[in-house]
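Following: one structure in structure tokens, then a few remarks.
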Amino acid sequence: MLLLSVILFSVFYLFQINRMTFALCERREIPEEKQPKIYRTVNILITILLFSFYLEVITAG
């Protein structure tokens, strides 16, 4: 049950972060060529954050 909760939270969180990244790219008028690199960097960093959160929850509980 815990794993399912973490997965659902992670999907929702990644979706929200990608929405905010899109808004940032639109507002700052970042060129189309640079946007994939920005998305890739943000998604990798958020995935690392979520994975460390999962490990923290598993080891604490």
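In the structure tokens, the first chain shown is A, the next is B, and so on; residue numbers restart at 1 for each chain, and ligands run from 1 in the order shown.
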(request) Mind checking which residues fall within 12 Å of Tyr13 of chain A, counting only C-alpha atoms, ignoring those fewer than 5 positions away in the same chain, and posting them as a PyMOL selection string? (result) chain A and resi 6-8+18-20+43+46-47+49-50
Please produce an output containing N, CA and C atoms for each residue in the selection, written as a short mmCIF file (atom, residue, chain, number, x, y, z; two decimals), in the first residue's frame.
data_model
loop_
_atom_site.label_atom_id
_atom_site.label_comp_id
_atom_site.auth_asym_id
_atom_site.auth_seq_id
_atom_site.Cartn_x
_atom_site.Cartn_y
_atom_site.Cartn_z
N VAL A 6 3.24 6.11 -2.74
CA VAL A 6 4.42 6.85 -3.18
C VAL A 6 4.42 7.00 -4.69
N ILE A 7 4.03 5.96 -5.42
CA ILE A 7 3.98 6.04 -6.88
C ILE A 7 2.95 7.06 -7.34
N LEU A 8 1.77 7.03 -6.75
CA LEU A 8 0.73 8.01 -7.12
C LEU A 8 1.17 9.43 -6.80
N ASN A 18 6.33 19.51 -14.14
CA ASN A 18 6.41 19.72 -15.58
C ASN A 18 5.51 20.87 -16.03
N ARG A 19 4.36 21.02 -15.39
CA ARG A 19 3.49 22.16 -15.69
C ARG A 19 4.20 23.47 -15.34
N MET A 20 4.85 23.51 -14.18
CA MET A 20 5.57 24.72 -13.78
C MET A 20 6.77 24.98 -14.69
N ASN A 43 13.51 16.86 -14.71
CA ASN A 43 12.93 15.54 -14.44
C ASN A 43 13.93 14.60 -13.77
N ILE A 46 14.23 15.82 -10.08
CA ILE A 46 13.03 15.50 -9.31
C ILE A 46 12.93 13.99 -9.07
N THR A 47 13.32 13.19 -10.06
CA THR A 47 13.30 11.74 -9.88
C THR A 47 14.27 11.31 -8.78
N LEU A 49 15.17 13.18 -6.26
CA LEU A 49 14.53 13.64 -5.03
C LEU A 49 13.44 12.67 -4.58
N LEU A 50 12.59 12.23 -5.50
CA LEU A 50 11.51 11.31 -5.15
C LEU A 50 12.05 9.94 -4.73
#
So that I can check the surroundings of Ile17 of chain A, please list as a PDB file with C-alpha atoms, in the first residue's frame every protein, DNA and RNA residue that reaches within 10 Å of it, counting only C-alpha atoms and ignoring chain neighbours fewer than 5 positions away.
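out-v9.pdb, written as the output of this step:
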ATOM      1  CA  VAL A  11       3.272  10.844 -10.740  1.00  0.00           C
ATOM      2  CA  PHE A  12       1.187  13.777  -9.505  1.00  0.00           C
ATOM      3  CA  PHE A  22       6.356  24.686 -19.092  1.00  0.00           C
ATOM      4  CA  ALA A  23       5.111  27.951 -17.559  1.00  0.00           C
ATOM      5  CA  TYR A  39      12.905  19.327 -19.036  1.00  0.00           C
ATOM      6  CA  VAL A  42      14.402  19.031 -14.057  1.00  0.00           C
ATOM      7  CA  ASN A  43      12.930  15.544 -14.444  1.00  0.00           C
ATOM      8  CA  ILE A  46      13.029  15.497  -9.312  1.00  0.00           C
TER       9      ILE A  46
END
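Taking atom CA of Leu2 of chain A as the reference point, atom CA of Ile48 of chain A is found at 18.5 Å.
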(request) Check the smallest atom-to-atom distance from each of A:Phe9, A:Glu26, A:Thr21, A:Gly61 to Thr41 of chain A using only C-alpha atoms, then report the winner. (result) A:Thr21
